[in-house]
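Before any comments, here is the structure.
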Protein chains: 2
Amino acid sequence: MDASHGRRVRLGPGGEFDLIRTFGSAARLPEGVLVGPGDDCAVLDAGRLALTTDMAVEDVHFRRSWMSAGEVGWRAGAAALSDLAAVGAEPLAVLVSLAVSPEDALSGWAGRLMAGLHGVVGEAGAAIVGGDLTRSPGPVIVDVTAIGRVEAPLLRDGARPGDEVWVTGSLGGAGGALVLLRAGSPLPEPLRRAFARPVPRWREARWLRRAAEVHAAIDLSDGLAGDAGHLAAASAVAVELDPRALPLAPGLEAAAPSAEEGVRLALHAGEDYELCVVAPPGALEPLAEAFRDRFGVALTRVGRIREGKGVWALEGEGPPRPLGGGFSHFDAPSVRPPADPGEGT
Amino acid sequence: MDASHGRRVRLGPGGEFDLIRTFGSAARLPEGVLVGPGDDCAVLDAGRLALTTDMAVEDVHFRRSWMSAGEVGWRAGAAALSDLAAVGAEPLAVLVSLAVSPEDALSGWAGRLMAGLHGVVGEAGAAIVGGDLTRSPGPVIVDVTAIGRVEAPLLRDGARPGDEVWVTGSLGGAGGALVLLRAGSPLPEPLRRAFARPVPRWREARWLRRAAEVHAAIDLSDGLAGDAGHLAAASAVAVELDPRALPLAPGLEAAAPSAEEGVRLALHAGEDYELCVVAPPGALEPLAEAFRDRFGVALTRVGRIREGKGVWALEGEGPPRPLGGGFSHFDAPSVRPPADPGEGT
């Protein structure tokens with residue numbers, strides 16, 4: 001088999017297979033993909049690999065009235081690809097499991113979802129190499145497994161006291177969009193893009209990795225406070241965040257009239273899919289301008305690591321205040337409450 | 001990092017993480033798993049890999065009243081591991097996405113599902129290396145991605161006219177169990193095991209591969225007729241099956257009073273998770289006895305490959321009869337009809 005020409009397998013006849021064919025419509029398969037969609041497994045030959053999976057469930061992670069089918073697919077793919085970014089991996093391949101109603105399968109809705117997923121996977125230079133299509137008795141479910149190449153993975157457990165905490169891009173945009181969507185209010189375009197078409201920061205992560213010493217990283221899916229808590233626990237350190245330093249998302253004022261409310265969304269709302277990066281003092285400062293020039297995205301110092309545990313907010317001259325965690329599906333208050341009972345299935 | 005001692009990452013506090021911890025409770029991580037559960041990604045270093053994903057949805061693939069939580073987990077894992085068997089891969093790692101209600105998360109039901117999944121993954125010598133836990137507004141959904149090592153994958157597209165078609169084990173057991181479960185009839189133990197605790201045939205596949213020339217393989221998830229159809233399409237050949245040669249599952253007579261009905265289940269019922277293997281004439285015959293001695297499982301010749309397309313049943317002295325496909329989620333009749341509308345969510 002020639003690694004530069006991945007194989008596709010012919011599928012049998014049947015309506016189901018027309019939709020399954022959309023799983024494998026990438027123009028070409030990346031080098032390292034030996035067997036693409038259509039057989040029992042995809043086959044990769046790529047050395048050291050990072051793998052992650054991320055499931056999106058209708059009426060838990062999204063509502064159909066809030067996004068197009070293509071945006072549902074884009075966002076589901078972005079969530080998984082963002083985890084690759086967090087460990088400094090280069091996206092290679094994606095597997096997708098999709099559960100939809102027969103109506104969604106046959107009306108083209110599911111095909112448009114797959115087109116959006118192909119969009120974000122293609123943007124990342126990867127390809128969909130396999131999946132599973134099944135009937136759902138209720139909600140649409142899309143589960144994305146993303147596979148990337150990584151030489152030395154950048155983990156959560158390397159933060160050390162004295163290190164600085166940085167974030168890419170801006171925060172609170174997806175959370176602000178959710179506030180407005182739930183209220184039925186119009187959505188400023190920057191918030192809409194942040195919510196519906198987040199761009200995973202894998203190029204940014206790899207560039208930072210090459211340009212500087214980086215000790216730890218995590219992507220922001222549960223909210224900065226919550227994800228910093230995961231990083232603190234993994235590294236056995238405390239994270240101190242400076243609320244005044246947080247880069248608030250453009251357009252956030254439409255969802256958060258007060259500065260306090262904006263900061264609350266930036267700290268606690270999930271799904272920004274930016275990166276939180278921990279590096280030695282002074283390591284990233286000289287790179288911030290070049291980073292912005294290259295990627296059109298800010299790189300902002302938002303806190304520091306100290307001995308201890310948990311996540312703390314700096315409060316002027318007073319003692320730091322403990323910060324609660326981020327989103328949890330099964331407990332804890334959140335900016336993302338359960339879907340209205342009347343709207344579920 | 002030491003490849004022989006995979007890393008685990010400490011998780012933050014919270015009720016959700018207690019259940020997430022069950023994702024990573026394997027006693028040890030297999031060699032080749034550099035980073036296990038707890039970070040943004042798992043990391044593998046294992047050369048050439050086969051990857052597959054398989055989703056099980058409550059009231060589509062299983063009903064809670066038919067199986068224990070542990071059996072739901074076992075079966076979901078077996079379905080994905082069986083795809084690894086079909087390409088001759090050795091299981092290495094599994095990712096799992098699980099959507100459950102808060103009640104199932106907190107009552108222990110989801111934990112028992114994970115225990116069953118650990119059971120089949122452990123039986124295969126692999127480990128759960130990551131996953132995603134989310135709330136479901138309705139049905140339980142478990143999506144399993146399985147990753148295995150493979151040197152030269154055994155694909156569906158290598159069958160040639162003149163080759164023989166063989167199957168492992170016996171057929172129709174899972175379909176027979178389904179007939180009885182739907183009727184509310186008692187289930188003979190062999191059918192119950194076939195349905196609730198299928199054992200993926202990856203050891204058998206790798207042994208056959210080493211012992212003989214094998215041209216193509218597929219695992220039986222959609223029913224022999226349907227899966228033979230996929231293989232025929234991929235190889236651009238026709239498959240002729242001999243209904244009288246099919247190894248019917250022990251206990252099948254309880255579900256299929258007539259021989260015709262037993263053959264129908266063996267041909268068209270899905271989820272037996274046996275292997276269908278295509279080899280040159282005479283290649284497997286000398287191995288059948290050693291195969292049975294070693295694995296306690298039959299190896300039976302059930303047909304042959306000829307030029308043409310589609311799947312055909314040999315009918316005594318008459319011309320072969322075209323066979324329809326197997327299970328489809330969105331069209332075509334099946335032994336696995338949609339769940340009763342009143343029983344869904």
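Chain labels run A, B, ... following the order of the structure tokens; each chain numbers its residues from 1, and ligands are numbered from 1 in the order shown.
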Can you work out which residues from chain B touch chain A at a cut-off of 6 Å (counting only C-alpha atoms) and hand them back as an NGL selection string? :B and (9-10 or 12 or 40-45 or 47-54 or 83 or 102 or 131-132 or 135 or 230 or 233-234 or 329-330)
DSSP-assigned helix (DSSP H, G or I) members of range 142-205 of chain A, reported as a PyMOL selection string: chain A and resi 173-183+189-196+202-205
Next, the residues of the selection above should be written as a PDB file, in the first residue's frame with N, CA and C atoms.
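Dumped everything to out04.pdb:
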ATOM      1  N   GLY A 173     -17.045  35.032  24.543  1.00  0.00           N
ATOM      2  CA  GLY A 173     -17.860  35.224  23.338  1.00  0.00           C
ATOM      3  C   GLY A 173     -18.950  34.170  23.187  1.00  0.00           C
ATOM      4  N   ALA A 174     -18.582  32.903  23.351  1.00  0.00           N
ATOM      5  CA  ALA A 174     -19.581  31.838  23.209  1.00  0.00           C
ATOM      6  C   ALA A 174     -20.614  31.922  24.324  1.00  0.00           C
ATOM      7  N   GLY A 175     -20.158  32.222  25.532  1.00  0.00           N
ATOM      8  CA  GLY A 175     -21.082  32.359  26.661  1.00  0.00           C
ATOM      9  C   GLY A 175     -22.022  33.538  26.478  1.00  0.00           C
ATOM     10  N   GLY A 176     -21.486  34.651  25.964  1.00  0.00           N
ATOM     11  CA  GLY A 176     -22.332  35.818  25.694  1.00  0.00           C
ATOM     12  C   GLY A 176     -23.377  35.509  24.632  1.00  0.00           C
ATOM     13  N   ALA A 177     -22.962  34.771  23.588  1.00  0.00           N
ATOM     14  CA  ALA A 177     -23.919  34.382  22.542  1.00  0.00           C
ATOM     15  C   ALA A 177     -25.052  33.557  23.149  1.00  0.00           C
ATOM     16  N   LEU A 178     -24.701  32.674  24.050  1.00  0.00           N
ATOM     17  CA  LEU A 178     -25.717  31.821  24.684  1.00  0.00           C
ATOM     18  C   LEU A 178     -26.725  32.620  25.498  1.00  0.00           C
ATOM     19  N   VAL A 179     -26.219  33.625  26.213  1.00  0.00           N
ATOM     20  CA  VAL A 179     -27.110  34.499  26.989  1.00  0.00           C
ATOM     21  C   VAL A 179     -28.126  35.152  26.059  1.00  0.00           C
ATOM     22  N   LEU A 180     -27.662  35.674  24.924  1.00  0.00           N
ATOM     23  CA  LEU A 180     -28.551  36.374  23.995  1.00  0.00           C
ATOM     24  C   LEU A 180     -29.491  35.400  23.298  1.00  0.00           C
ATOM     25  N   LEU A 181     -28.984  34.223  22.898  1.00  0.00           N
ATOM     26  CA  LEU A 181     -29.834  33.230  22.225  1.00  0.00           C
ATOM     27  C   LEU A 181     -30.960  32.786  23.153  1.00  0.00           C
ATOM     28  N   ARG A 182     -30.629  32.555  24.399  1.00  0.00           N
ATOM     29  CA  ARG A 182     -31.649  32.116  25.356  1.00  0.00           C
ATOM     30  C   ARG A 182     -32.693  33.196  25.590  1.00  0.00           C
ATOM     31  N   ALA A 183     -32.265  34.463  25.481  1.00  0.00           N
ATOM     32  CA  ALA A 183     -33.201  35.573  25.691  1.00  0.00           C
ATOM     33  C   ALA A 183     -33.952  35.918  24.410  1.00  0.00           C
ATOM     34  N   GLU A 189     -22.419  39.944  15.228  1.00  0.00           N
ATOM     35  CA  GLU A 189     -21.689  38.981  14.398  1.00  0.00           C
ATOM     36  C   GLU A 189     -20.467  38.371  15.099  1.00  0.00           C
ATOM     37  N   PRO A 190     -19.661  39.154  15.832  1.00  0.00           N
ATOM     38  CA  PRO A 190     -18.488  38.519  16.485  1.00  0.00           C
ATOM     39  C   PRO A 190     -18.897  37.443  17.491  1.00  0.00           C
ATOM     40  N   LEU A 191     -19.995  37.655  18.210  1.00  0.00           N
ATOM     41  CA  LEU A 191     -20.439  36.639  19.166  1.00  0.00           C
ATOM     42  C   LEU A 191     -20.974  35.417  18.433  1.00  0.00           C
ATOM     43  N   ARG A 192     -21.683  35.664  17.328  1.00  0.00           N
ATOM     44  CA  ARG A 192     -22.196  34.546  16.536  1.00  0.00           C
ATOM     45  C   ARG A 192     -21.052  33.661  16.035  1.00  0.00           C
ATOM     46  N   ARG A 193     -20.004  34.295  15.515  1.00  0.00           N
ATOM     47  CA  ARG A 193     -18.863  33.518  15.014  1.00  0.00           C
ATOM     48  C   ARG A 193     -18.181  32.763  16.150  1.00  0.00           C
ATOM     49  N   ALA A 194     -18.026  33.437  17.294  1.00  0.00           N
ATOM     50  CA  ALA A 194     -17.366  32.779  18.432  1.00  0.00           C
ATOM     51  C   ALA A 194     -18.141  31.538  18.843  1.00  0.00           C
ATOM     52  N   PHE A 195     -19.465  31.620  18.777  1.00  0.00           N
ATOM     53  CA  PHE A 195     -20.301  30.514  19.223  1.00  0.00           C
ATOM     54  C   PHE A 195     -20.406  29.422  18.166  1.00  0.00           C
ATOM     55  N   ALA A 196     -20.645  29.823  16.915  1.00  0.00           N
ATOM     56  CA  ALA A 196     -21.012  28.829  15.905  1.00  0.00           C
ATOM     57  C   ALA A 196     -19.833  28.332  15.066  1.00  0.00           C
ATOM     58  N   TRP A 202      -4.725  25.079  16.890  1.00  0.00           N
ATOM     59  CA  TRP A 202      -3.607  24.139  16.841  1.00  0.00           C
ATOM     60  C   TRP A 202      -2.365  24.744  16.203  1.00  0.00           C
ATOM     61  N   ARG A 203      -2.554  25.616  15.200  1.00  0.00           N
ATOM     62  CA  ARG A 203      -1.376  26.248  14.596  1.00  0.00           C
ATOM     63  C   ARG A 203      -0.685  27.151  15.619  1.00  0.00           C
ATOM     64  N   GLU A 204      -1.501  27.879  16.373  1.00  0.00           N
ATOM     65  CA  GLU A 204      -0.972  28.777  17.401  1.00  0.00           C
ATOM     66  C   GLU A 204      -0.190  27.985  18.455  1.00  0.00           C
ATOM     67  N   ALA A 205      -0.752  26.837  18.865  1.00  0.00           N
ATOM     68  CA  ALA A 205      -0.093  26.042  19.905  1.00  0.00           C
ATOM     69  C   ALA A 205       1.260  25.539  19.425  1.00  0.00           C
TER      70      ALA A 205
END
Identify all residues of range 12-164 of chain B in strand (DSSP E) (DSSP on the backbone) and supply them as a ChimeraX atom specification. /B:33-35,42-45,48-57,90-100,127-135,141-149,164
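The neighbours of range 237-241 of chain B here are the residues that come within 9 Å of it, using only C-alpha atoms and leaving out any residue fewer than 4 positions away in the same chain; they are Ala159, Arg160, Pro161, Val165, Ala225, Ala228, Gly229, Leu231, Ala232, Ala233, Ala245, Leu246, Val302, Gly303, Arg304, Ile305, Arg306, Glu307, Gly308, Lys309, Gly310, Val311, Trp312, Ala313, Leu314 and Pro320 of chain B.
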Could the residues in this selection be written to a file with N, CA and C atoms, as a PDB file, in the first residue's frame?
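Final file, selection-v5.pdb:
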ATOM      1  N   ALA B 159     -11.068 -10.049  -2.195  1.00  0.00           N
ATOM      2  CA  ALA B 159     -11.675 -11.324  -2.622  1.00  0.00           C
ATOM      3  C   ALA B 159     -11.553 -11.498  -4.136  1.00  0.00           C
ATOM      4  N   ARG B 160     -11.229 -12.752  -4.570  1.00  0.00           N
ATOM      5  CA  ARG B 160     -11.057 -13.000  -6.006  1.00  0.00           C
ATOM      6  C   ARG B 160     -11.914 -14.184  -6.424  1.00  0.00           C
ATOM      7  N   PRO B 161     -12.395 -14.200  -7.651  1.00  0.00           N
ATOM      8  CA  PRO B 161     -13.198 -15.338  -8.110  1.00  0.00           C
ATOM      9  C   PRO B 161     -12.463 -16.652  -7.865  1.00  0.00           C
ATOM     10  N   VAL B 165     -15.416 -18.818   0.968  1.00  0.00           N
ATOM     11  CA  VAL B 165     -15.939 -17.935   2.017  1.00  0.00           C
ATOM     12  C   VAL B 165     -16.152 -18.765   3.275  1.00  0.00           C
ATOM     13  N   ALA B 225     -25.654 -11.894   4.965  1.00  0.00           N
ATOM     14  CA  ALA B 225     -25.999 -11.486   3.597  1.00  0.00           C
ATOM     15  C   ALA B 225     -25.590 -10.037   3.354  1.00  0.00           C
ATOM     16  N   ALA B 228     -21.684  -9.698   3.522  1.00  0.00           N
ATOM     17  CA  ALA B 228     -21.112 -10.277   2.301  1.00  0.00           C
ATOM     18  C   ALA B 228     -21.337  -9.328   1.126  1.00  0.00           C
ATOM     19  N   GLY B 229     -22.457  -8.604   1.162  1.00  0.00           N
ATOM     20  CA  GLY B 229     -22.728  -7.608   0.118  1.00  0.00           C
ATOM     21  C   GLY B 229     -21.714  -6.472   0.140  1.00  0.00           C
ATOM     22  N   LEU B 231     -18.651  -6.738   1.216  1.00  0.00           N
ATOM     23  CA  LEU B 231     -17.406  -7.334   0.750  1.00  0.00           C
ATOM     24  C   LEU B 231     -17.436  -7.520  -0.773  1.00  0.00           C
ATOM     25  N   ALA B 232     -18.583  -7.966  -1.282  1.00  0.00           N
ATOM     26  CA  ALA B 232     -18.717  -8.147  -2.731  1.00  0.00           C
ATOM     27  C   ALA B 232     -18.534  -6.816  -3.455  1.00  0.00           C
ATOM     28  N   ALA B 233     -19.177  -5.769  -2.915  1.00  0.00           N
ATOM     29  CA  ALA B 233     -19.070  -4.450  -3.555  1.00  0.00           C
ATOM     30  C   ALA B 233     -17.628  -3.949  -3.511  1.00  0.00           C
ATOM     31  N   ALA B 245     -25.063 -24.936   4.514  1.00  0.00           N
ATOM     32  CA  ALA B 245     -23.763 -25.054   5.198  1.00  0.00           C
ATOM     33  C   ALA B 245     -23.650 -24.133   6.410  1.00  0.00           C
ATOM     34  N   LEU B 246     -24.619 -23.233   6.607  1.00  0.00           N
ATOM     35  CA  LEU B 246     -24.462 -22.218   7.664  1.00  0.00           C
ATOM     36  C   LEU B 246     -24.448 -22.856   9.044  1.00  0.00           C
ATOM     37  N   VAL B 302     -18.771 -21.597   3.999  1.00  0.00           N
ATOM     38  CA  VAL B 302     -20.195 -21.320   3.740  1.00  0.00           C
ATOM     39  C   VAL B 302     -20.454 -20.844   2.321  1.00  0.00           C
ATOM     40  N   GLY B 303     -19.417 -20.724   1.492  1.00  0.00           N
ATOM     41  CA  GLY B 303     -19.691 -20.263   0.134  1.00  0.00           C
ATOM     42  C   GLY B 303     -18.432 -20.035  -0.657  1.00  0.00           C
ATOM     43  N   ARG B 304     -18.598 -19.344  -1.782  1.00  0.00           N
ATOM     44  CA  ARG B 304     -17.447 -19.079  -2.641  1.00  0.00           C
ATOM     45  C   ARG B 304     -17.633 -17.756  -3.385  1.00  0.00           C
ATOM     46  N   ILE B 305     -16.530 -17.303  -3.942  1.00  0.00           N
ATOM     47  CA  ILE B 305     -16.518 -16.048  -4.708  1.00  0.00           C
ATOM     48  C   ILE B 305     -16.549 -16.400  -6.194  1.00  0.00           C
ATOM     49  N   ARG B 306     -17.379 -15.655  -6.932  1.00  0.00           N
ATOM     50  CA  ARG B 306     -17.303 -15.800  -8.390  1.00  0.00           C
ATOM     51  C   ARG B 306     -17.354 -14.426  -9.041  1.00  0.00           C
ATOM     52  N   GLU B 307     -17.133 -14.392 -10.342  1.00  0.00           N
ATOM     53  CA  GLU B 307     -17.236 -13.109 -11.041  1.00  0.00           C
ATOM     54  C   GLU B 307     -18.683 -12.642 -11.019  1.00  0.00           C
ATOM     55  N   GLY B 308     -18.879 -11.348 -11.031  1.00  0.00           N
ATOM     56  CA  GLY B 308     -20.226 -10.789 -11.021  1.00  0.00           C
ATOM     57  C   GLY B 308     -20.366  -9.804  -9.894  1.00  0.00           C
ATOM     58  N   LYS B 309     -21.609  -9.631  -9.431  1.00  0.00           N
ATOM     59  CA  LYS B 309     -21.782  -8.776  -8.262  1.00  0.00           C
ATOM     60  C   LYS B 309     -22.964  -9.239  -7.436  1.00  0.00           C
ATOM     61  N   GLY B 310     -23.037  -8.753  -6.206  1.00  0.00           N
ATOM     62  CA  GLY B 310     -24.152  -9.088  -5.324  1.00  0.00           C
ATOM     63  C   GLY B 310     -23.901 -10.369  -4.541  1.00  0.00           C
ATOM     64  N   VAL B 311     -24.928 -10.765  -3.778  1.00  0.00           N
ATOM     65  CA  VAL B 311     -24.853 -11.951  -2.927  1.00  0.00           C
ATOM     66  C   VAL B 311     -25.965 -12.902  -3.339  1.00  0.00           C
ATOM     67  N   TRP B 312     -25.644 -14.181  -3.475  1.00  0.00           N
ATOM     68  CA  TRP B 312     -26.556 -15.180  -4.009  1.00  0.00           C
ATOM     69  C   TRP B 312     -26.605 -16.387  -3.087  1.00  0.00           C
ATOM     70  N   ALA B 313     -27.799 -16.989  -3.005  1.00  0.00           N
ATOM     71  CA  ALA B 313     -27.946 -18.224  -2.236  1.00  0.00           C
ATOM     72  C   ALA B 313     -28.030 -19.398  -3.200  1.00  0.00           C
ATOM     73  N   LEU B 314     -27.213 -20.444  -2.959  1.00  0.00           N
ATOM     74  CA  LEU B 314     -27.284 -21.665  -3.765  1.00  0.00           C
ATOM     75  C   LEU B 314     -28.549 -22.421  -3.381  1.00  0.00           C
ATOM     76  N   PRO B 320     -28.796 -19.994  -8.606  1.00  0.00           N
ATOM     77  CA  PRO B 320     -28.687 -19.234  -7.354  1.00  0.00           C
ATOM     78  C   PRO B 320     -29.744 -18.127  -7.298  1.00  0.00           C
TER      79      PRO B 320
END
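Residues with any atom within 6 Å of range 73-79 of chain B, counting only C-alpha atoms and excluding same-chain neighbours fewer than 6 positions away, are Leu113, Met114, Gly116, Leu117, Val120, Arg197 and Pro200 of chain B.
CA of His118 in chain B to CA of Leu19 in chain B spans 13.5 Å [interatomic distance, one decimal].
Our summary of the geometry notes that CA of Ala266 in chain A is positioned 12.6 Å from CA of Leu323 in chain A.
Put simply, CA of Ser221 in chain B is 8.0 Å away from CA of Glu274 in chain B.
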Residues near Ala288 in chain B, anyone? I mean within 10 Å using only C-alpha atoms, not counting same-chain ones fewer than 5 positions away, as a ChimeraX atom specification. /B:168,208,283,293-294,297-301
